[in-house]
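The data block below is work-v1.pdb; it holds PDB, C-alpha atoms.
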ATOM      1  CA  MET X 994      68.982  18.989 -56.244
ATOM      2  CA  LEU X 995      66.485  17.329 -58.553
ATOM      3  CA  GLU X 996      67.333  17.289 -62.263
ATOM      4  CA  LEU X 997      64.286  16.630 -64.429
ATOM      5  CA  ASP X 998      64.237  15.514 -68.051
ATOM      6  CA  LEU X 999      60.684  16.334 -69.169
ATOM      7  CA  SER X1000      61.101  14.320 -72.359
ATOM      8  CA  GLU X1001      60.701  11.282 -70.105
ATOM      9  CA  ALA X1002      57.369   9.994 -68.777
ATOM     10  CA  ILE X1003      57.057  12.563 -65.990
ATOM     11  CA  THR X1004      55.168  15.843 -65.659
ATOM     12  CA  LEU X1005      56.041  19.052 -63.860
ATOM     13  CA  ASP X1006      53.024  20.504 -62.078
ATOM     14  CA  VAL X1007      52.197  23.379 -59.737
ATOM     15  CA  THR X1008      49.414  23.181 -57.198
ATOM     16  CA  LEU X1009      47.778  24.959 -54.315
ATOM     17  CA  ALA X1010      48.092  23.215 -50.983
ATOM     18  CA  ARG X1011      44.325  22.727 -51.008
ATOM     19  CA  TYR X1012      41.580  23.113 -53.605
ATOM     20  CA  ALA X1013      40.713  26.696 -52.701
ATOM     21  CA  LEU X1014      41.907  29.684 -50.662
ATOM     22  CA  PRO X1015      43.040  29.873 -47.955
ATOM     23  CA  ALA X1016      45.371  26.969 -48.692
ATOM     24  CA  ARG X1017      48.034  25.664 -46.310
ATOM     25  CA  ARG X1018      49.417  22.152 -45.882
ATOM     26  CA  ARG X1019      52.726  20.372 -45.364
ATOM     27  CA  LEU X1020      54.664  19.628 -48.545
ATOM     28  CA  SER X1021      54.742  15.901 -47.807
ATOM     29  CA  ASP X1022      50.934  15.895 -47.578
ATOM     30  CA  ILE X1023      50.574  17.931 -50.789
ATOM     31  CA  ALA X1024      52.841  15.502 -52.636
ATOM     32  CA  SER X1025      51.080  12.451 -51.205
ATOM     33  CA  ALA X1026      47.626  13.736 -52.151
ATOM     34  CA  ALA X1027      48.797  14.305 -55.731
ATOM     35  CA  GLY X1028      50.628  10.979 -56.006
ATOM     36  CA  ALA X1029      53.806  12.914 -56.779
ATOM     37  CA  LEU X1030      57.286  11.426 -57.038
ATOM     38  CA  ALA X1031      58.853  14.555 -55.573
ATOM     39  CA  GLY X1032      58.274  18.215 -54.876
ATOM     40  CA  VAL X1033      59.557  21.482 -53.478
ATOM     41  CA  ASN X1034      57.867  24.507 -51.987
ATOM     42  CA  GLY X1035      56.744  27.183 -54.439
ATOM     43  CA  ASP X1036      55.874  30.869 -54.177
ATOM     44  CA  TYR X1037      55.814  32.986 -51.040
ATOM     45  CA  GLY X1038      52.423  32.492 -49.421
ATOM     46  CA  GLY X1039      50.993  34.894 -46.877
ATOM     47  CA  LEU X1040      47.619  33.917 -45.337
ATOM     48  CA  GLY X1041      47.563  30.725 -47.404
ATOM     49  CA  ASN X1042      47.629  32.693 -50.650
ATOM     50  CA  PRO X1043      50.535  32.867 -53.144
ATOM     51  CA  VAL X1044      51.960  36.380 -53.380
ATOM     52  CA  HIS X1045      52.347  36.467 -57.172
ATOM     53  CA  PRO X1046      49.873  35.567 -59.941
ATOM     54  CA  PHE X1047      49.347  31.811 -60.008
ATOM     55  CA  ALA X1048      47.622  29.373 -62.363
ATOM     56  CA  GLN X1049      46.923  25.664 -62.150
ATOM     57  CA  ASP X1050      45.283  23.273 -64.594
ATOM     58  CA  GLY X1051      44.057  26.078 -66.823
ATOM     59  CA  GLU X1052      42.486  28.116 -64.028
ATOM     60  CA  LEU X1053      43.721  31.519 -62.892
ATOM     61  CA  LEU X1054      43.967  31.754 -59.116
ATOM     62  CA  HIS X1055      44.143  35.513 -58.790
ATOM     63  CA  THR X1056      45.491  38.768 -60.042
ATOM     64  CA  ALA X1057      48.094  40.091 -57.626
ATOM     65  CA  GLY X1058      50.143  43.233 -57.461
ATOM     66  CA  ALA X1059      53.472  41.874 -56.223
ATOM     67  CA  ALA X1060      56.341  42.400 -58.650
ATOM     68  CA  GLY X1061      58.193  39.230 -59.494
ATOM     69  CA  THR X1062      58.850  36.620 -62.167
ATOM     70  CA  LEU X1063      56.682  33.689 -63.232
ATOM     71  CA  PHE X1064      58.035  30.219 -63.924
ATOM     72  CA  ALA X1065      56.051  28.002 -66.280
ATOM     73  CA  VAL X1066      56.513  25.016 -68.551
ATOM     74  CA  THR X1067      54.571  24.885 -71.814
ATOM     75  CA  ARG X1068      51.822  22.283 -72.055
ATOM     76  CA  ASP X1069      53.885  20.074 -74.335
ATOM     77  CA  GLU X1070      56.737  20.428 -71.795
ATOM     78  CA  SER X1071      59.098  21.510 -74.563
ATOM     79  CA  GLN X1072      60.028  24.901 -73.123
ATOM     80  CA  ALA X1073      60.599  26.482 -69.705
ATOM     81  CA  LEU X1074      59.545  30.126 -69.376
ATOM     82  CA  PHE X1075      60.716  32.765 -66.910
ATOM     83  CA  GLU X1076      58.808  35.993 -67.538
ATOM     84  CA  ARG X1077      57.323  39.019 -65.813
ATOM     85  CA  PRO X1078      53.525  38.593 -65.572
ATOM     86  CA  SER X1079      51.210  40.595 -67.799
ATOM     87  CA  VAL X1080      47.777  39.770 -66.369
ATOM     88  CA  ALA X1081      44.462  40.472 -68.099
ATOM     89  CA  VAL X1082      40.967  38.982 -67.710
ATOM     90  CA  THR X1083      37.962  39.582 -69.974
ATOM     91  CA  ILE X1084      34.495  38.149 -70.553
ATOM     92  CA  THR X1085      32.885  38.405 -73.984
ATOM     93  CA  ASP X1086      29.147  38.306 -74.687
ATOM     94  CA  GLY X1087      28.779  35.571 -77.308
ATOM     95  CA  THR X1088      25.585  37.168 -78.655
ATOM     96  CA  SER X1089      26.545  40.837 -78.952
ATOM     97  CA  GLY X1090      30.341  40.561 -79.024
ATOM     98  CA  ARG X1091      30.575  43.087 -76.187
ATOM     99  CA  VAL X1092      33.796  42.671 -74.175
ATOM    100  CA  LEU X1093      33.956  43.441 -70.443
ATOM    101  CA  THR X1094      37.376  43.880 -68.864
ATOM    102  CA  LEU X1095      37.716  42.624 -65.295
ATOM    103  CA  ASP X1096      39.894  44.773 -63.057
ATOM    104  CA  HIS X1097      40.616  42.049 -60.476
ATOM    105  CA  TRP X1098      40.187  38.288 -60.133
ATOM    106  CA  ASN X1099      39.830  36.721 -56.666
ATOM    107  CA  ASP X1100      41.553  39.872 -55.462
ATOM    108  CA  GLY X1101      39.282  42.017 -53.302
ATOM    109  CA  PRO X1102      35.926  43.798 -53.729
ATOM    110  CA  PRO X1103      35.067  46.151 -56.611
ATOM    111  CA  ALA X1104      35.676  49.866 -56.268
ATOM    112  CA  PRO X1105      33.528  52.371 -58.201
ATOM    113  CA  GLY X1106      34.370  52.036 -61.880
ATOM    114  CA  GLU X1107      35.494  48.412 -61.552
ATOM    115  CA  ILE X1108      34.192  44.966 -62.480
ATOM    116  CA  VAL X1109      35.762  42.078 -60.588
ATOM    117  CA  GLY X1110      35.537  38.283 -60.791
ATOM    118  CA  TYR X1111      35.443  35.409 -58.324
ATOM    119  CA  SER X1112      36.012  31.731 -59.115
ATOM    120  CA  PRO X1113      35.754  28.608 -56.927
ATOM    121  CA  LEU X1114      39.530  28.762 -56.331
ATOM    122  CA  GLY X1115      38.928  31.932 -54.293
ATOM    123  CA  GLY X1116      37.314  29.785 -51.596
ATOM    124  CA  THR X1117      36.344  31.537 -48.379
ATOM    125  CA  LEU X1118      39.227  34.007 -48.659
ATOM    126  CA  GLU X1119      37.830  35.722 -51.766
ATOM    127  CA  LEU X1120      34.051  35.574 -51.677
ATOM    128  CA  PRO X1121      31.766  37.557 -54.018
ATOM    129  CA  PRO X1122      30.825  40.872 -52.378
ATOM    130  CA  SER X1123      27.628  41.844 -50.649
ATOM    131  CA  TYR X1124      25.795  45.027 -51.631
ATOM    132  CA  ALA X1125      26.746  44.586 -55.269
ATOM    133  CA  CYS X1126      25.260  43.904 -58.686
ATOM    134  CA  SER X1127      26.470  40.531 -59.905
ATOM    135  CA  ALA X1128      26.138  37.940 -62.647
ATOM    136  CA  ARG X1129      26.789  34.232 -62.153
ATOM    137  CA  LEU X1130      28.246  32.293 -65.089
ATOM    138  CA  LEU X1131      28.306  28.494 -65.217
ATOM    139  CA  PRO X1132      31.044  26.594 -67.121
ATOM    140  CA  GLN X1133      30.144  24.833 -70.373
ATOM    141  CA  GLY X1134      33.398  23.011 -71.034
ATOM    142  CA  ASP X1135      37.040  22.654 -70.077
ATOM    143  CA  PRO X1136      39.684  25.373 -70.362
ATOM    144  CA  VAL X1137      41.476  25.481 -73.737
ATOM    145  CA  LEU X1138      44.616  27.257 -74.878
ATOM    146  CA  ALA X1139      43.951  30.628 -76.502
ATOM    147  CA  GLN X1140      45.848  32.414 -79.252
ATOM    148  CA  PRO X1141      48.252  34.139 -79.085
ATOM    149  CA  ASP X1142      48.418  33.502 -75.330
ATOM    150  CA  GLY X1143      46.320  32.702 -72.293
ATOM    151  CA  VAL X1144      43.355  30.399 -71.744
ATOM    152  CA  ASP X1145      39.701  30.471 -72.893
ATOM    153  CA  ARG X1146      36.662  28.822 -71.344
ATOM    154  CA  ASP X1147      32.998  28.875 -72.338
ATOM    155  CA  PHE X1148      30.321  29.891 -69.838
ATOM    156  CA  VAL X1149      26.619  30.699 -69.855
ATOM    157  CA  VAL X1150      24.848  33.362 -67.801
ATOM    158  CA  ASP X1151      22.867  31.682 -65.031
ATOM    159  CA  ALA X1152      21.624  34.531 -62.824
ATOM    160  CA  VAL X1153      21.848  38.329 -62.583
ATOM    161  CA  ALA X1154      20.900  40.345 -59.507
ATOM    162  CA  CYS X1155      21.604  43.344 -57.277
ATOM    163  CA  SER X1156      21.411  42.287 -53.651
ATOM    164  CA  GLU X1157      22.471  43.064 -50.102
ATOM    165  CA  GLY X1158      23.755  39.477 -49.844
ATOM    166  CA  LEU X1159      26.419  37.834 -51.971
ATOM    167  CA  LEU X1160      25.536  35.846 -55.077
ATOM    168  CA  PRO X1161      26.862  32.285 -54.497
ATOM    169  CA  ARG X1162      29.231  30.893 -57.125
ATOM    170  CA  ASN X1163      27.525  27.447 -57.176
ATOM    171  CA  GLY X1164      30.426  25.930 -59.081
ATOM    172  CA  GLY X1165      30.643  28.813 -61.543
ATOM    173  CA  ILE X1166      32.141  32.274 -61.496
ATOM    174  CA  VAL X1167      30.603  35.525 -60.278
ATOM    175  CA  VAL X1168      31.395  38.945 -61.734
ATOM    176  CA  SER X1169      30.404  41.965 -59.647
ATOM    177  CA  ALA X1170      30.291  45.764 -59.695
ATOM    178  CA  PRO X1171      29.160  48.414 -57.199
ATOM    179  CA  PRO X1172      25.447  49.275 -57.533
ATOM    180  CA  ALA X1173      24.309  52.420 -59.342
ATOM    181  CA  THR X1174      27.379  52.440 -61.625
ATOM    182  CA  ASP X1175      27.770  52.086 -65.387
ATOM    183  CA  GLU X1176      29.543  48.791 -64.732
ATOM    184  CA  ALA X1177      26.533  47.474 -62.795
ATOM    185  CA  THR X1178      24.280  48.443 -65.694
ATOM    186  CA  GLU X1179      26.500  46.453 -68.064
ATOM    187  CA  LEU X1180      26.209  43.364 -65.881
ATOM    188  CA  LEU X1181      22.455  43.729 -65.453
ATOM    189  CA  ALA X1182      22.113  43.776 -69.259
ATOM    190  CA  LEU X1183      23.352  40.161 -69.416
ATOM    191  CA  ALA X1184      20.329  37.912 -69.948
ATOM    192  CA  PRO X1185      20.244  34.402 -68.444
ATOM    193  CA  GLY X1186      21.200  31.865 -71.072
ATOM    194  CA  THR X1187      23.629  34.201 -72.846
ATOM    195  CA  PRO X1188      26.832  32.413 -73.921
ATOM    196  CA  MET X1189      29.991  34.048 -72.544
ATOM    197  CA  LEU X1190      33.690  33.500 -73.170
ATOM    198  CA  LEU X1191      36.139  33.945 -70.292
ATOM    199  CA  HIS X1192      39.690  34.772 -71.351
ATOM    200  CA  TRP X1193      42.611  35.196 -68.989
ATOM    201  CA  THR X1194      46.287  35.600 -69.684
ATOM    202  CA  LEU X1195      49.527  35.985 -67.772
ATOM    203  CA  GLY X1196      51.221  37.044 -70.998
ATOM    204  CA  LEU X1197      52.499  33.484 -71.567
ATOM    205  CA  ALA X1198      51.679  31.321 -74.583
ATOM    206  CA  ASN X1199      50.802  27.596 -74.385
ATOM    207  CA  VAL X1200      50.711  27.623 -70.569
ATOM    208  CA  PHE X1201      48.171  26.101 -68.156
ATOM    209  CA  ASP X1202      50.282  26.347 -64.969
ATOM    210  CA  ALA X1203      52.496  29.095 -63.561
ATOM    211  CA  VAL X1204      54.090  29.948 -60.214
ATOM    212  CA  GLY X1205      55.828  33.137 -59.120
ATOM    213  CA  GLY X1206      58.988  33.966 -57.248
ATOM    214  CA  ALA X1207      61.618  36.666 -56.652
ATOM    215  CA  PRO X1208      64.259  37.640 -57.325
ATOM    216  CA  LEU X1209      65.268  36.345 -60.743
ATOM    217  CA  LEU X1210      68.806  35.007 -60.314
ATOM    218  CA  LEU X1211      70.071  34.250 -63.825
ATOM    219  CA  ARG X1212      68.929  35.147 -67.332
ATOM    220  CA  ASP X1213      70.632  33.421 -70.277
ATOM    221  CA  GLY X1214      73.705  32.659 -68.190
ATOM    222  CA  VAL X1215      74.120  36.178 -66.810
ATOM    223  CA  PRO X1216      73.529  37.012 -63.103
ATOM    224  CA  VAL X1217      70.587  39.427 -62.844
ATOM    225  CA  GLY X1218      71.442  41.008 -59.484
ATOM    226  CA  GLU X1219      67.975  42.433 -58.888
ATOM    227  CA  CYS X1220      67.718  41.656 -55.151
ATOM    228  CA  ASN X1221      66.736  44.662 -53.016
ATOM    229  CA  SER X1222      65.683  42.988 -49.749
ATOM    230  CA  GLY X1223      66.064  39.607 -48.045
ATOM    231  CA  CYS X1224      69.414  39.192 -49.776
ATOM    232  CA  GLY X1225      71.329  37.790 -46.795
ATOM    233  CA  ARG X1226      71.950  34.235 -45.631
ATOM    234  CA  GLN X1227      68.761  32.178 -45.622
ATOM    235  CA  PRO X1228      67.492  28.706 -46.458
ATOM    236  CA  ARG X1229      66.633  28.948 -50.145
ATOM    237  CA  THR X1230      64.658  27.146 -52.842
ATOM    238  CA  GLY X1231      65.132  27.785 -56.544
ATOM    239  CA  VAL X1232      64.082  26.562 -59.963
ATOM    240  CA  GLY X1233      66.233  26.747 -63.064
ATOM    241  CA  VAL X1234      66.683  25.413 -66.574
ATOM    242  CA  THR X1235      69.903  24.142 -68.143
ATOM    243  CA  ALA X1236      71.167  24.787 -71.661
ATOM    244  CA  ALA X1237      69.954  21.270 -72.538
ATOM    245  CA  GLY X1238      66.436  22.089 -71.333
ATOM    246  CA  LYS X1239      66.506  20.092 -68.110
ATOM    247  CA  ILE X1240      64.733  21.544 -65.071
ATOM    248  CA  LEU X1241      66.612  21.972 -61.792
ATOM    249  CA  LEU X1242      64.816  22.107 -58.429
ATOM    250  CA  VAL X1243      67.284  23.100 -55.718
ATOM    251  CA  VAL X1244      67.019  23.478 -51.936
ATOM    252  CA  VAL X1245      69.836  24.765 -49.701
ATOM    253  CA  ASP X1246      69.391  24.562 -45.930
ATOM    254  CA  GLY X1247      70.109  27.467 -43.614
ATOM    255  CA  ARG X1248      69.649  29.051 -40.156
ATOM    256  CA  GLN X1249      71.341  26.027 -38.575
ATOM    257  CA  ALA X1250      74.755  26.447 -36.956
ATOM    258  CA  ARG X1251      77.149  23.533 -37.536
ATOM    259  CA  TRP X1252      74.996  22.413 -40.467
ATOM    260  CA  SER X1253      74.302  25.274 -42.877
ATOM    261  CA  LEU X1254      73.807  29.016 -42.431
ATOM    262  CA  GLY X1255      72.300  29.343 -45.893
ATOM    263  CA  PRO X1256      73.509  31.273 -48.933
ATOM    264  CA  THR X1257      73.070  34.927 -49.789
ATOM    265  CA  VAL X1258      71.188  35.671 -53.006
ATOM    266  CA  ALA X1259      74.522  36.243 -54.759
ATOM    267  CA  GLU X1260      75.858  32.924 -53.484
ATOM    268  CA  PHE X1261      72.644  31.105 -54.441
ATOM    269  CA  THR X1262      72.937  32.597 -57.917
ATOM    270  CA  GLN X1263      76.428  31.109 -58.182
ATOM    271  CA  ILE X1264      75.218  27.741 -56.851
ATOM    272  CA  MET X1265      72.498  27.608 -59.533
ATOM    273  CA  ALA X1266      75.032  28.531 -62.208
ATOM    274  CA  ASP X1267      77.512  25.907 -60.939
ATOM    275  CA  LEU X1268      74.764  23.281 -61.140
ATOM    276  CA  GLY X1269      74.232  24.140 -64.804
ATOM    277  CA  ALA X1270      71.304  26.581 -64.751
ATOM    278  CA  VAL X1271      71.343  29.262 -67.438
ATOM    279  CA  THR X1272      68.133  30.889 -66.196
ATOM    280  CA  ALA X1273      66.994  30.559 -62.569
ATOM    281  CA  LEU X1274      64.459  31.987 -60.125
ATOM    282  CA  ASN X1275      64.463  32.231 -56.325
ATOM    283  CA  LEU X1276      61.300  30.834 -54.725
ATOM    284  CA  ASP X1277      60.054  31.076 -51.133
ATOM    285  CA  GLY X1278      62.734  30.365 -48.549
ATOM    286  CA  GLY X1279      63.335  30.358 -44.815
ATOM    287  CA  GLY X1280      61.375  27.750 -42.914
ATOM    288  CA  SER X1281      59.389  26.966 -46.081
ATOM    289  CA  SER X1282      62.425  25.669 -48.006
ATOM    290  CA  GLU X1283      61.884  21.951 -48.379
ATOM    291  CA  MET X1284      62.240  19.026 -50.741
ATOM    292  CA  VAL X1285      60.283  15.764 -50.600
ATOM    293  CA  VAL X1286      61.270  12.700 -52.634
ATOM    294  CA  GLU X1287      59.138   9.547 -52.629
ATOM    295  CA  GLY X1288      57.381  10.651 -49.439
ATOM    296  CA  GLU X1289      60.533  11.517 -47.500
ATOM    297  CA  VAL X1290      61.766  14.955 -46.509
ATOM    298  CA  VAL X1291      65.361  14.922 -47.816
ATOM    299  CA  ASN X1292      66.641  18.244 -46.436
ATOM    300  CA  ARG X1293      66.598  19.777 -42.937
ATOM    301  CA  PRO X1294      63.898  22.482 -42.724
ATOM    302  CA  SER X1295      65.070  25.294 -40.472
ATOM    303  CA  ASP X1296      61.965  25.147 -38.258
ATOM    304  CA  GLY X1297      62.965  21.634 -37.207
ATOM    305  CA  SER X1298      59.825  20.230 -38.847
ATOM    306  CA  GLU X1299      57.712  20.768 -41.929
ATOM    307  CA  ARG X1300      56.041  24.162 -42.228
ATOM    308  CA  SER X1301      52.595  24.436 -43.797
ATOM    309  CA  ILE X1302      52.926  26.148 -47.176
ATOM    310  CA  SER X1303      50.426  27.545 -49.665
ATOM    311  CA  ASN X1304      51.666  26.021 -52.929
ATOM    312  CA  ALA X1305      54.212  23.626 -54.387
ATOM    313  CA  ILE X1306      56.016  22.471 -57.520
ATOM    314  CA  LEU X1307      55.546  18.726 -58.014
ATOM    315  CA  VAL X1308      56.976  15.976 -60.200
ATOM    316  CA  LEU X1309      54.220  13.582 -61.307
ATOM    317  CA  PRO X1310      54.824  10.027 -62.576
ATOM    318  CA  GLY X1311      52.974  10.585 -65.856
ATOM    319  CA  PRO X1312      50.349  13.024 -67.187
ATOM    320  CA  ASP X1313      48.602  15.457 -64.844
ATOM    321  CA  PRO X1314      45.240  13.798 -64.096
ATOM    322  CA  ASP X1315      43.630  17.152 -63.266
ATOM    323  CA  GLU X1316      44.329  18.788 -66.636
ATOM    324  CA  PRO X1317      41.912  18.397 -69.544
TER     325      PRO X1317
END

Would you mind writing the file's structure down as structure tokens?
Amino acid sequence: MLELDLSEAITLDVTLARYALPARRRLSDIASAAGALAGVNGDYGGLGNPVHPFAQDGELLHTAGAAGTLFAVTRDESQALFERPSVAVTITDGTSGRVLTLDHWNDGPPAPGEIVGYSPLGGTLELPPSYACSARLLPQGDPVLAQPDGVDRDFVVDAVACSEGLLPRNGGIVVSAPPATDEATELLALAPGTPMLLHWTLGLANVFDAVGGAPLLLRDGVPVGECNSGCGRQPRTGVGVTAAGKILLVVVDGRQARWSLGPTVAEFTQIMADLGAVTALNLDGGGSSEMVVEGEVVNRPSDGSERSISNAILVLPGPDPDEP
């Protein structure tokens, strides 16, 4: 267990294993690259992509359909949040005030009737589509907190085209729609040089970073009991908050006879409560369950060695250098 007092000169951070999707790397390498004091694995991560919505340093990774709970710490690190995601992404024409709602973000190609977005975090896993009408927007500043929730960032329209090939992001974002649709017409009406405002929200206020998990174990001191699958004995990782506001990062080994078989979800819930958590969330487990402290793996991963994971929760020795 790691117990973190965020009133001290440390920062809790979440990060992809690499800059863009697909992202997979060993936890010890993720922590070393970030100069972290410690870390644990984060969300479930199929194909190098977190299963739930995920945000880092004011950038939304993707919209995702998996039900679950998000864990986040407010930017001033005064409050820990455990909430169901409520994801929305819009772009607003700064000249006309027209608002376009994006149906997906780094989350597949557009269907008829949809406008979708792609950012650099999508990497090679979520590229802008071919045979689409698209607009490229280039950033004009850093992300800033929006009111009442979410994040805003200024952009300017750089290029608009319908093409058989994809429109490269070139460090910006691309929004796309199927050709010969009303949505394509709306994108084609955007003139180069037009100021645009990107707004995204997970339904959380004062948050730049968020990571998902499932199931929620405790809420305000009461066991939630929402587990429907994967509830048996497994290696497990969890994050919780105490009544005093301290953050708990907990790893319990499993799948190893004569060492530890691992707890059930009900048993892990009780472990988190016994350690002082009043609200707690189960993160990825199995062979991904791992804790690194000062460069050393301090538990026994069930694979016998470190597994490559898609994302992590880190403890930094000071402010996050990647956040504006």

- Item | Residues matched by the PyMOL selection byres ((chain X and resi 1010) around 10) as an NGL selection string | :X and (1007-1009 or 1011-1020 or 1022-1024 or 1026 or 1034 or 1041-1042 or 1301-1305)

Can you spit out the residues from that selection as an mmCIF file, in the frame of the given file, using C-alpha atoms?
data_model
loop_
_atom_site.group_PDB
_atom_site.id
_atom_site.type_symbol
_atom_site.label_atom_id
_atom_site.label_comp_id
_atom_site.auth_asym_id
_atom_site.auth_seq_id
_atom_site.Cartn_x
_atom_site.Cartn_y
_atom_site.Cartn_z
ATOM 1 C CA VAL X 1007 52.197 23.379 -59.737
ATOM 2 C CA THR X 1008 49.414 23.181 -57.198
ATOM 3 C CA LEU X 1009 47.778 24.959 -54.315
ATOM 4 C CA ARG X 1011 44.325 22.727 -51.008
ATOM 5 C CA TYR X 1012 41.580 23.113 -53.605
ATOM 6 C CA ALA X 1013 40.713 26.696 -52.701
ATOM 7 C CA LEU X 1014 41.907 29.684 -50.662
ATOM 8 C CA PRO X 1015 43.040 29.873 -47.955
ATOM 9 C CA ALA X 1016 45.371 26.969 -48.692
ATOM 10 C CA ARG X 1017 48.034 25.664 -46.310
ATOM 11 C CA ARG X 1018 49.417 22.152 -45.882
ATOM 12 C CA ARG X 1019 52.726 20.372 -45.364
ATOM 13 C CA LEU X 1020 54.664 19.628 -48.545
ATOM 14 C CA ASP X 1022 50.934 15.895 -47.578
ATOM 15 C CA ILE X 1023 50.574 17.931 -50.789
ATOM 16 C CA ALA X 1024 52.841 15.502 -52.636
ATOM 17 C CA ALA X 1026 47.626 13.736 -52.151
ATOM 18 C CA ASN X 1034 57.867 24.507 -51.987
ATOM 19 C CA GLY X 1041 47.563 30.725 -47.404
ATOM 20 C CA ASN X 1042 47.629 32.693 -50.650
ATOM 21 C CA SER X 1301 52.595 24.436 -43.797
ATOM 22 C CA ILE X 1302 52.926 26.148 -47.176
ATOM 23 C CA SER X 1303 50.426 27.545 -49.665
ATOM 24 C CA ASN X 1304 51.666 26.021 -52.929
ATOM 25 C CA ALA X 1305 54.212 23.626 -54.387
#

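Considering all atoms listed in the file, the residue among X:Pro1102, X:Pro1188, X:Gly1134, X:Gly1231 positioned nearest to X:Val1168 is X:Pro1102.
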
For the interface of stretch 1102-1215 of chain X with stretch 1273-1283 of chain X (cut-off 7 Å, counting all atoms listed in the file), please tabulate each contacting residue of stretch 1102-1215 of chain X alongside its nearest pair of atoms and their separation in Å to one decimal, rows sorted by chain and increasing number, as CSV.
residue,atom,partner,partner_atom,distance
X:Gly1206,CA,X:Leu1276,CA,4.6
X:Ala1207,CA,X:Asn1275,CA,5.3
X:Pro1208,CA,X:Asn1275,CA,5.5
X:Leu1209,CA,X:Leu1274,CA,4.5
X:Leu1210,CA,X:Leu1274,CA,5.3
X:Leu1211,CA,X:Ala1273,CA,5.0
X:Arg1212,CA,X:Ala1273,CA,6.9

Under the rule of at most 12 Å, produce a per-residue listing of stretch 1014-1105 of chain X near stretch 1226-1230 of chain X: chain, number, name, the closest pair of atoms, and the distance in Å, as CSV, using only C-alpha atoms.
residue,atom,partner,partner_atom,distance
X:Gly1032,CA,X:Thr1230,CA,11.2
X:Val1033,CA,X:Thr1230,CA,7.6
X:Asn1034,CA,X:Thr1230,CA,7.3
X:Gly1035,CA,X:Thr1230,CA,8.1
X:Asp1036,CA,X:Thr1230,CA,9.6
X:Tyr1037,CA,X:Thr1230,CA,10.8

- Rank nothing, just name the residue among X:Asp1175, X:Asp1135, X:Asp1296, X:Glu1157 nearest to X:Gln1249, using all atoms listed in the file.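 Under the stated criterion, the closest residue is X:Asp1296.
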
- Task: Step by step, work through what the PyMOL selection byres ((chain X and resi 1254) around 12) selects in the shown file, and finish by giving those residues as a list in words.
- Result: Gly1225, Arg1226, Gln1227, Pro1228, Arg1229, Val1245, Asp1246, Gly1247, Arg1248, Gln1249, Ala1250, Arg1251, Trp1252, Ser1253, Gly1255, Pro1256, Thr1257, Glu1260, Gly1279, Arg1293, Pro1294 and Ser1295 of chain X

- Surrounding residues of X:Pro1105 excluding itself and chain neighbours under 4 positions, 8 Å, only C-alpha atoms, as a list in words: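 Near X:Pro1105, the qualifying residues are Ala1170, Pro1171 and Thr1174 of chain X.
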
- Selected by the PyMOL selection byres ((chain X and resi 1123) around 7) in the shown coordinates: which residues, as JSON, numbers by chain? {"X": [1121, 1122, 1124, 1125, 1156, 1157, 1158, 1159]}

Selection above as a file: C-alpha atoms, as a PDB file, in the frame of the given file:
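Once written, selection_25.pdb looks like this:
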ATOM      1  CA  PRO X1121      31.766  37.557 -54.018  1.00  0.00           C
ATOM      2  CA  PRO X1122      30.825  40.872 -52.378  1.00  0.00           C
ATOM      3  CA  TYR X1124      25.795  45.027 -51.631  1.00  0.00           C
ATOM      4  CA  ALA X1125      26.746  44.586 -55.269  1.00  0.00           C
ATOM      5  CA  SER X1156      21.411  42.287 -53.651  1.00  0.00           C
ATOM      6  CA  GLU X1157      22.471  43.064 -50.102  1.00  0.00           C
ATOM      7  CA  GLY X1158      23.755  39.477 -49.844  1.00  0.00           C
ATOM      8  CA  LEU X1159      26.419  37.834 -51.971  1.00  0.00           C
TER       9      LEU X1159
END

- Please provide as a count of residues only all residues within 12 Å of X:Asp1145, with the sequence filter that same-chain residues fewer than 4 positions apart are discarded (counting all atoms listed in the file). 26

- Give the answer as one residue: which of X:Leu1093, X:Ala1177, X:Val1234, X:Ile1306 has the shortest atom-to-atom distance to X:Ala1270, using only C-alpha atoms?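 When distances to X:Ala1270 are compared using only C-alpha atoms, the smallest one comes from X:Val1234.
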
- Nearest candidate to X:Pro1103 (options X:Ile1264, X:Ala1182, X:Val1217, X:Leu1120; using all atoms listed in the file):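 With all atoms listed in the file as the atom set, the closest residue is X:Leu1120.
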
- X:Lys1239 surroundings by only C-alpha atoms, 12 Å radius, close-in-sequence under 6 positions cut, as a PyMOL selection string: chain X and resi 995-1001+1005+1066+1070-1073+1232-1233+1268-1273

- Could you work out how far atom CA of X:Ala1027 lies from atom CA of X:Thr1004, giving the answer in Å with one decimal?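 Atom-to-atom, atom CA of X:Thr1004 to atom CA of X:Ala1027, that is 11.9 Å.
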
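Take atom CA of X:Asp1147 and atom CA of X:Thr1187: the distance between them is 10.8 Å.
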
Hey, could you patch up stretch 1166-1170 of chain X with N, CA and C atoms and hand it over as a JSON list (two decimals), keeping the file's coordinate frame?
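Contents of the output file rebuild-v9.json:
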[["chain", "number", "residue", "atom", "x", "y", "z"],
["X", 1166, "ILE", "N", 31.45, 31.05, -61.87],
["X", 1166, "ILE", "CA", 32.14, 32.27, -61.50],
["X", 1166, "ILE", "C", 31.11, 33.38, -61.31],
["X", 1167, "VAL", "N", 31.46, 34.36, -60.50],
["X", 1167, "VAL", "CA", 30.60, 35.52, -60.28],
["X", 1167, "VAL", "C", 31.41, 36.77, -60.63],
["X", 1168, "VAL", "N", 30.79, 37.65, -61.42],
["X", 1168, "VAL", "CA", 31.40, 38.94, -61.73],
["X", 1168, "VAL", "C", 30.51, 40.02, -61.11],
["X", 1169, "SER", "N", 31.14, 41.01, -60.47],
["X", 1169, "SER", "CA", 30.40, 41.96, -59.65],
["X", 1169, "SER", "C", 30.89, 43.38, -59.88],
["X", 1170, "ALA", "N", 29.98, 44.34, -59.62],
["X", 1170, "ALA", "CA", 30.29, 45.76, -59.70],
["X", 1170, "ALA", "C", 29.48, 46.48, -58.63]]
